[in-house]
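Okay, structure first, notes after.
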Amino acid sequence: MLNWLRRIAAVPLLVLALICAIGAVRIFTHDLPDETFGSGIFAAILAAAACVGAYFLFRSDLLVLRGLTFAQLRDWAYANPLGQAAALYGVAAIIMVASPEYQLAPAFLAMCVFSVMSCWTAASKQRWWAHAALAVLGFCLLFLGLAGTSEALARRGFGEGAMVFLLPLQGFPILLVVSGIVRLVRGARQE
């Protein structure tokens with residue numbers, strides 16, 4: 001139980017670190033004209049402090065990760081909604097950095113793929129509620145991460161372009177409910 005409390009406490013620190021790091025980069029590149037160089041340094045220090053705090057909360061988990069094989073990591077990325085979100089964020093972020101003019105397209109595609117893939121995975125699991133909760137958490141983290149990264153790469157923000165996120169935002173809950181119904185029907189047939 002204590003491990004989960006530490007993991008839950010580390011998530012807001014990581015989100016804060018991401019937001020501050022994006023803010024620091026935007027300040028240092030003069031993308032935010034009203035901010036001073038000192039504000040950028042403060043944001044960078046705050047991001048580093050949040051990362052250090054998250055590291056100390058995740059330290060015991062990181063020691064366990066040293067023993068993982070590639071096959072175990074691959075299986076986690078395929079079967080766990082948080083692994084799916086991490087893998088999709090990595091791929092989308094690389095594409096967004098390589099092509100900043102079209103930063104919304106990879107983010108939109110990653111959100112749509114996650115919406116379908118995580119609901120399909122949850123429907124096939126024995127403990128649907130746990131995987132549905134992980135899917136919701138993964139969806140929120142993926143959305144916030146991709147939106148923040150996309151906003152940081154856009155010159156003047158993406159403005160109305162963010163409307164493309166409405167499809168996955170509205171489709172994910174519907175797909176999650178459908179996956180629950182599928183799991184319920186499959187469970188009734190097995191009994």
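Chain identifiers are assigned as A, B, and so on, following the order in which chains appear in the structure tokens; residues are numbered from 1 within each chain, and ligands are numbered from 1 in order of appearance.
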
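Residues in contact range of range 118-129 of chain A, defined as at most 6 Å between only C-alpha atoms, with sequence neighbours fewer than 2 positions away removed, read Pro81, Phe114, Ser115, Val116, His131, Ala132, Ala135, Leu176, Ser179 and Arg183 of chain A.
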
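For the choices A:Asp31, A:Glu151, A:Asp75, A:Asp61, the atom-to-atom distance to Ala10 in chain A is smallest for A:Asp61 when using only C-alpha atoms.
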
All residues 10 Å or closer to Leu146 in chain A, only C-alpha atoms, same chain fewer than 6 positions away omitted, as a JSON list (two decimals) with all heavy atoms, in the first residue's frame:
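Result file is out_1.json:
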[["chain", "number", "residue", "atom", "x", "y", "z"],
["A", 88, "LEU", "N", 3.43, 5.45, -26.70],
["A", 88, "LEU", "CA", 2.84, 6.38, -27.68],
["A", 88, "LEU", "C", 3.35, 7.80, -27.49],
["A", 88, "LEU", "O", 3.56, 8.52, -28.47],
["A", 88, "LEU", "CB", 1.31, 6.33, -27.59],
["A", 88, "LEU", "CG", 0.67, 5.08, -28.18],
["A", 88, "LEU", "CD1", -0.81, 5.01, -27.81],
["A", 88, "LEU", "CD2", 0.84, 5.06, -29.68],
["A", 89, "TYR", "N", 3.56, 8.22, -26.24],
["A", 89, "TYR", "CA", 4.11, 9.55, -26.01],
["A", 89, "TYR", "C", 5.52, 9.65, -26.59],
["A", 89, "TYR", "O", 5.87, 10.64, -27.23],
["A", 89, "TYR", "CB", 4.14, 9.91, -24.52],
["A", 89, "TYR", "CG", 4.79, 11.25, -24.30],
["A", 89, "TYR", "CD1", 4.08, 12.42, -24.53],
["A", 89, "TYR", "CD2", 6.12, 11.37, -23.94],
["A", 89, "TYR", "CE1", 4.68, 13.66, -24.37],
["A", 89, "TYR", "CE2", 6.73, 12.59, -23.78],
["A", 89, "TYR", "CZ", 5.99, 13.73, -23.99],
["A", 89, "TYR", "OH", 6.59, 14.95, -23.84],
["A", 90, "GLY", "N", 6.33, 8.61, -26.37],
["A", 90, "GLY", "CA", 7.70, 8.63, -26.90],
["A", 90, "GLY", "C", 7.73, 8.74, -28.40],
["A", 90, "GLY", "O", 8.47, 9.56, -28.97],
["A", 92, "ALA", "N", 5.25, 9.79, -30.44],
["A", 92, "ALA", "CA", 4.66, 11.06, -30.89],
["A", 92, "ALA", "C", 5.59, 12.24, -30.62],
["A", 92, "ALA", "O", 5.71, 13.15, -31.44],
["A", 92, "ALA", "CB", 3.31, 11.28, -30.21],
["A", 93, "ALA", "N", 6.27, 12.23, -29.47],
["A", 93, "ALA", "CA", 7.17, 13.34, -29.14],
["A", 93, "ALA", "C", 8.33, 13.41, -30.11],
["A", 93, "ALA", "O", 8.74, 14.49, -30.53],
["A", 93, "ALA", "CB", 7.66, 13.21, -27.70],
["A", 96, "MET", "N", 6.97, 14.84, -33.27],
["A", 96, "MET", "CA", 6.64, 16.26, -33.10],
["A", 96, "MET", "C", 7.89, 17.13, -33.09],
["A", 96, "MET", "O", 7.89, 18.22, -33.66],
["A", 96, "MET", "CB", 5.83, 16.46, -31.81],
["A", 96, "MET", "CG", 4.43, 15.94, -31.93],
["A", 96, "MET", "SD", 3.34, 15.98, -30.49],
["A", 96, "MET", "CE", 4.17, 16.71, -29.20],
["A", 103, "GLN", "N", 2.87, 19.59, -35.43],
["A", 103, "GLN", "CA", 2.95, 18.96, -34.12],
["A", 103, "GLN", "C", 1.62, 18.40, -33.63],
["A", 103, "GLN", "O", 1.61, 17.50, -32.81],
["A", 103, "GLN", "CB", 3.53, 19.93, -33.08],
["A", 103, "GLN", "CG", 2.54, 20.90, -32.48],
["A", 103, "GLN", "CD", 2.29, 22.12, -33.32],
["A", 103, "GLN", "OE1", 2.77, 22.23, -34.42],
["A", 103, "GLN", "NE2", 1.51, 23.03, -32.82],
["A", 104, "LEU", "N", 0.51, 18.86, -34.12],
["A", 104, "LEU", "CA", -0.78, 18.36, -33.66],
["A", 104, "LEU", "C", -1.15, 17.01, -34.26],
["A", 104, "LEU", "O", -1.85, 16.22, -33.64],
["A", 104, "LEU", "CB", -1.90, 19.37, -33.96],
["A", 104, "LEU", "CG", -1.95, 20.56, -33.02],
["A", 104, "LEU", "CD1", -3.03, 21.53, -33.47],
["A", 104, "LEU", "CD2", -2.19, 20.13, -31.61],
["A", 106, "PRO", "N", 0.73, 14.16, -34.96],
["A", 106, "PRO", "CA", 1.16, 12.99, -34.19],
["A", 106, "PRO", "C", 0.47, 12.90, -32.83],
["A", 106, "PRO", "O", 0.16, 11.80, -32.36],
["A", 106, "PRO", "CB", 2.66, 13.18, -34.03],
["A", 106, "PRO", "CG", 3.06, 14.23, -34.96],
["A", 106, "PRO", "CD", 1.85, 15.02, -35.30],
["A", 107, "ALA", "N", 0.21, 14.04, -32.21],
["A", 107, "ALA", "CA", -0.48, 14.03, -30.91],
["A", 107, "ALA", "C", -1.90, 13.50, -31.07],
["A", 107, "ALA", "O", -2.36, 12.67, -30.26],
["A", 107, "ALA", "CB", -0.50, 15.44, -30.32],
["A", 108, "PHE", "N", -2.58, 13.95, -32.10],
["A", 108, "PHE", "CA", -3.95, 13.48, -32.36],
["A", 108, "PHE", "C", -3.96, 11.98, -32.65],
["A", 108, "PHE", "O", -4.79, 11.24, -32.10],
["A", 108, "PHE", "CB", -4.53, 14.26, -33.54],
["A", 108, "PHE", "CG", -5.83, 13.71, -34.05],
["A", 108, "PHE", "CD1", -6.99, 13.83, -33.32],
["A", 108, "PHE", "CD2", -5.88, 13.06, -35.28],
["A", 108, "PHE", "CE1", -8.18, 13.32, -33.78],
["A", 108, "PHE", "CE2", -7.07, 12.55, -35.75],
["A", 108, "PHE", "CZ", -8.22, 12.67, -35.00],
["A", 110, "ALA", "N", -1.74, 9.71, -31.77],
["A", 110, "ALA", "CA", -1.38, 8.96, -30.56],
["A", 110, "ALA", "C", -2.57, 8.87, -29.61],
["A", 110, "ALA", "O", -2.81, 7.81, -29.00],
["A", 110, "ALA", "CB", -0.19, 9.62, -29.86],
["A", 111, "MET", "N", -3.33, 9.97, -29.47],
["A", 111, "MET", "CA", -4.50, 9.94, -28.59],
["A", 111, "MET", "C", -5.56, 8.98, -29.13],
["A", 111, "MET", "O", -6.18, 8.25, -28.36],
["A", 111, "MET", "CB", -5.10, 11.35, -28.44],
["A", 111, "MET", "CG", -4.23, 12.31, -27.68],
["A", 111, "MET", "SD", -3.96, 11.86, -25.98],
["A", 111, "MET", "CE", -5.60, 11.93, -25.34],
["A", 140, "CYS", "N", -5.29, 10.58, -19.31],
["A", 140, "CYS", "CA", -5.06, 11.93, -18.78],
["A", 140, "CYS", "C", -3.59, 12.33, -18.88],
["A", 140, "CYS", "O", -3.27, 13.45, -19.31],
["A", 140, "CYS", "CB", -5.53, 12.01, -17.33],
["A", 140, "CYS", "SG", -7.30, 11.85, -17.13],
["A", 152, "ALA", "N", 4.41, 23.66, -26.50],
["A", 152, "ALA", "CA", 5.78, 24.17, -26.40],
["A", 152, "ALA", "C", 6.44, 24.27, -27.77],
["A", 152, "ALA", "O", 7.27, 25.16, -27.99],
["A", 152, "ALA", "CB", 6.60, 23.27, -25.49]]

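Distance-wise, CA of Leu16 in chain A and CA of Ala154 in chain A end up 20.1 Å apart.
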
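With only C-alpha atoms as the atoms that count, the minimum distance from Cys51 in chain A to the choices A:Val25, A:Cys20, A:Arg74, A:Gly67 is reached by A:Cys20.
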
Practice task
Report as a PyMOL selection string: the residues of range 48-181 of chain A with a DSSP assignment of alpha helix (DSSP H), based on the backbone of this structure.
Solution key: chain A and resi 48-65+70-79+81-98+104-123+128-153+166-181

Practice task
Quote the spacing between CA of Ala54 in chain A and CA of Leu141 in chain A in Å to one decimal place.
Solution key: 15.6 Å

Nearby residues (only C-alpha atoms) at most 12 Å from Arg7 in chain A, same-chain spacing under 4 positions excluded, as a PDB file with C-alpha atoms, in the first residue's frame:
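Printed below is around-v9.pdb as written:
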ATOM      1  CA  MET A   1       0.000   0.000   0.000  1.00  0.00           C
ATOM      2  CA  LEU A   2       2.818   2.371   0.842  1.00  0.00           C
ATOM      3  CA  ASN A   3       4.414   1.771  -2.566  1.00  0.00           C
ATOM      4  CA  VAL A  11       2.883  11.749 -10.447  1.00  0.00           C
ATOM      5  CA  PRO A  12       2.054  15.409  -9.620  1.00  0.00           C
ATOM      6  CA  LEU A  13       5.761  16.059  -9.157  1.00  0.00           C
ATOM      7  CA  LEU A  14       6.488  14.697 -12.617  1.00  0.00           C
ATOM      8  CA  GLY A  53      11.655  14.558  -5.443  1.00  0.00           C
ATOM      9  CA  ALA A  54      10.053  12.132  -7.889  1.00  0.00           C
ATOM     10  CA  TYR A  55      13.333  10.207  -8.124  1.00  0.00           C
ATOM     11  CA  PHE A  56      13.448   9.691  -4.365  1.00  0.00           C
ATOM     12  CA  LEU A  57       9.828   8.548  -4.385  1.00  0.00           C
ATOM     13  CA  PHE A  58      10.506   6.124  -7.268  1.00  0.00           C
ATOM     14  CA  ARG A  59      13.953   4.979  -6.088  1.00  0.00           C
ATOM     15  CA  SER A  60      12.897   1.512  -4.902  1.00  0.00           C
ATOM     16  CA  ASP A  61      10.929   0.960  -8.122  1.00  0.00           C
ATOM     17  CA  LEU A  62      13.901   2.046 -10.235  1.00  0.00           C
TER      18      LEU A  62
END

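In this model, the gap between CA of Leu109 in chain A and CA of Ile22 in chain A comes to 21.8 Å.
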
Handout entry: Close residues, Gly40 in chain A itself excluded, 12 Å, only C-alpha atoms, min 6 positions apart in chain, as a VMD selection string
Key = chain A and resid 20 to 34 46 to 47

Let's have the selection written as a PDB file, in the first residue's frame, with N, CA and C atoms.
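And here is the file that came out, selection-v7.pdb:
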ATOM      1  N   CYS A  20       7.183  22.906 -15.800  1.00  0.00           N
ATOM      2  CA  CYS A  20       8.252  23.879 -15.552  1.00  0.00           C
ATOM      3  C   CYS A  20       9.363  23.769 -16.595  1.00  0.00           C
ATOM      4  N   ALA A  21       9.678  22.544 -17.018  1.00  0.00           N
ATOM      5  CA  ALA A  21      10.715  22.384 -18.044  1.00  0.00           C
ATOM      6  C   ALA A  21      10.266  22.998 -19.360  1.00  0.00           C
ATOM      7  N   ILE A  22       9.018  22.776 -19.733  1.00  0.00           N
ATOM      8  CA  ILE A  22       8.499  23.385 -20.961  1.00  0.00           C
ATOM      9  C   ILE A  22       8.504  24.903 -20.838  1.00  0.00           C
ATOM     10  N   GLY A  23       8.110  25.415 -19.681  1.00  0.00           N
ATOM     11  CA  GLY A  23       8.129  26.859 -19.462  1.00  0.00           C
ATOM     12  C   GLY A  23       9.535  27.423 -19.525  1.00  0.00           C
ATOM     13  N   ALA A  24      10.496  26.719 -18.943  1.00  0.00           N
ATOM     14  CA  ALA A  24      11.883  27.192 -18.971  1.00  0.00           C
ATOM     15  C   ALA A  24      12.416  27.226 -20.400  1.00  0.00           C
ATOM     16  N   VAL A  25      12.129  26.197 -21.166  1.00  0.00           N
ATOM     17  CA  VAL A  25      12.585  26.173 -22.573  1.00  0.00           C
ATOM     18  C   VAL A  25      11.960  27.328 -23.343  1.00  0.00           C
ATOM     19  N   ARG A  26      10.673  27.552 -23.123  1.00  0.00           N
ATOM     20  CA  ARG A  26      10.013  28.649 -23.848  1.00  0.00           C
ATOM     21  C   ARG A  26      10.563  30.009 -23.426  1.00  0.00           C
ATOM     22  N   ILE A  27      10.921  30.155 -22.155  1.00  0.00           N
ATOM     23  CA  ILE A  27      11.485  31.426 -21.688  1.00  0.00           C
ATOM     24  C   ILE A  27      12.884  31.622 -22.279  1.00  0.00           C
ATOM     25  N   PHE A  28      13.697  30.557 -22.265  1.00  0.00           N
ATOM     26  CA  PHE A  28      15.069  30.677 -22.781  1.00  0.00           C
ATOM     27  C   PHE A  28      15.111  30.896 -24.289  1.00  0.00           C
ATOM     28  N   THR A  29      14.100  30.441 -24.999  1.00  0.00           N
ATOM     29  CA  THR A  29      14.062  30.663 -26.453  1.00  0.00           C
ATOM     30  C   THR A  29      13.327  31.960 -26.796  1.00  0.00           C
ATOM     31  N   HIS A  30      12.993  32.759 -25.803  1.00  0.00           N
ATOM     32  CA  HIS A  30      12.306  34.041 -25.962  1.00  0.00           C
ATOM     33  C   HIS A  30      10.934  33.889 -26.619  1.00  0.00           C
ATOM     34  N   ASP A  31      10.300  32.758 -26.379  1.00  0.00           N
ATOM     35  CA  ASP A  31       8.957  32.520 -26.902  1.00  0.00           C
ATOM     36  C   ASP A  31       7.907  33.201 -26.026  1.00  0.00           C
ATOM     37  N   LEU A  32       8.273  33.496 -24.789  1.00  0.00           N
ATOM     38  CA  LEU A  32       7.398  34.244 -23.881  1.00  0.00           C
ATOM     39  C   LEU A  32       8.053  35.594 -23.636  1.00  0.00           C
ATOM     40  N   PRO A  33       7.675  36.622 -24.393  1.00  0.00           N
ATOM     41  CA  PRO A  33       8.413  37.891 -24.374  1.00  0.00           C
ATOM     42  C   PRO A  33       8.334  38.647 -23.045  1.00  0.00           C
ATOM     43  N   ASP A  34       7.310  38.419 -22.242  1.00  0.00           N
ATOM     44  CA  ASP A  34       7.171  39.178 -20.999  1.00  0.00           C
ATOM     45  C   ASP A  34       7.975  38.585 -19.850  1.00  0.00           C
ATOM     46  N   LEU A  46      13.010  24.762 -10.386  1.00  0.00           N
ATOM     47  CA  LEU A  46      11.805  24.110  -9.872  1.00  0.00           C
ATOM     48  C   LEU A  46      11.572  22.771 -10.571  1.00  0.00           C
ATOM     49  N   ALA A  47      11.819  22.701 -11.873  1.00  0.00           N
ATOM     50  CA  ALA A  47      11.685  21.440 -12.604  1.00  0.00           C
ATOM     51  C   ALA A  47      12.695  20.415 -12.099  1.00  0.00           C
TER      52      ALA A  47
END

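Closest approach to Gly145 in chain A among A:Ala48, A:Ile8, A:Val15, A:Ala87: A:Val15, based on only C-alpha atoms.
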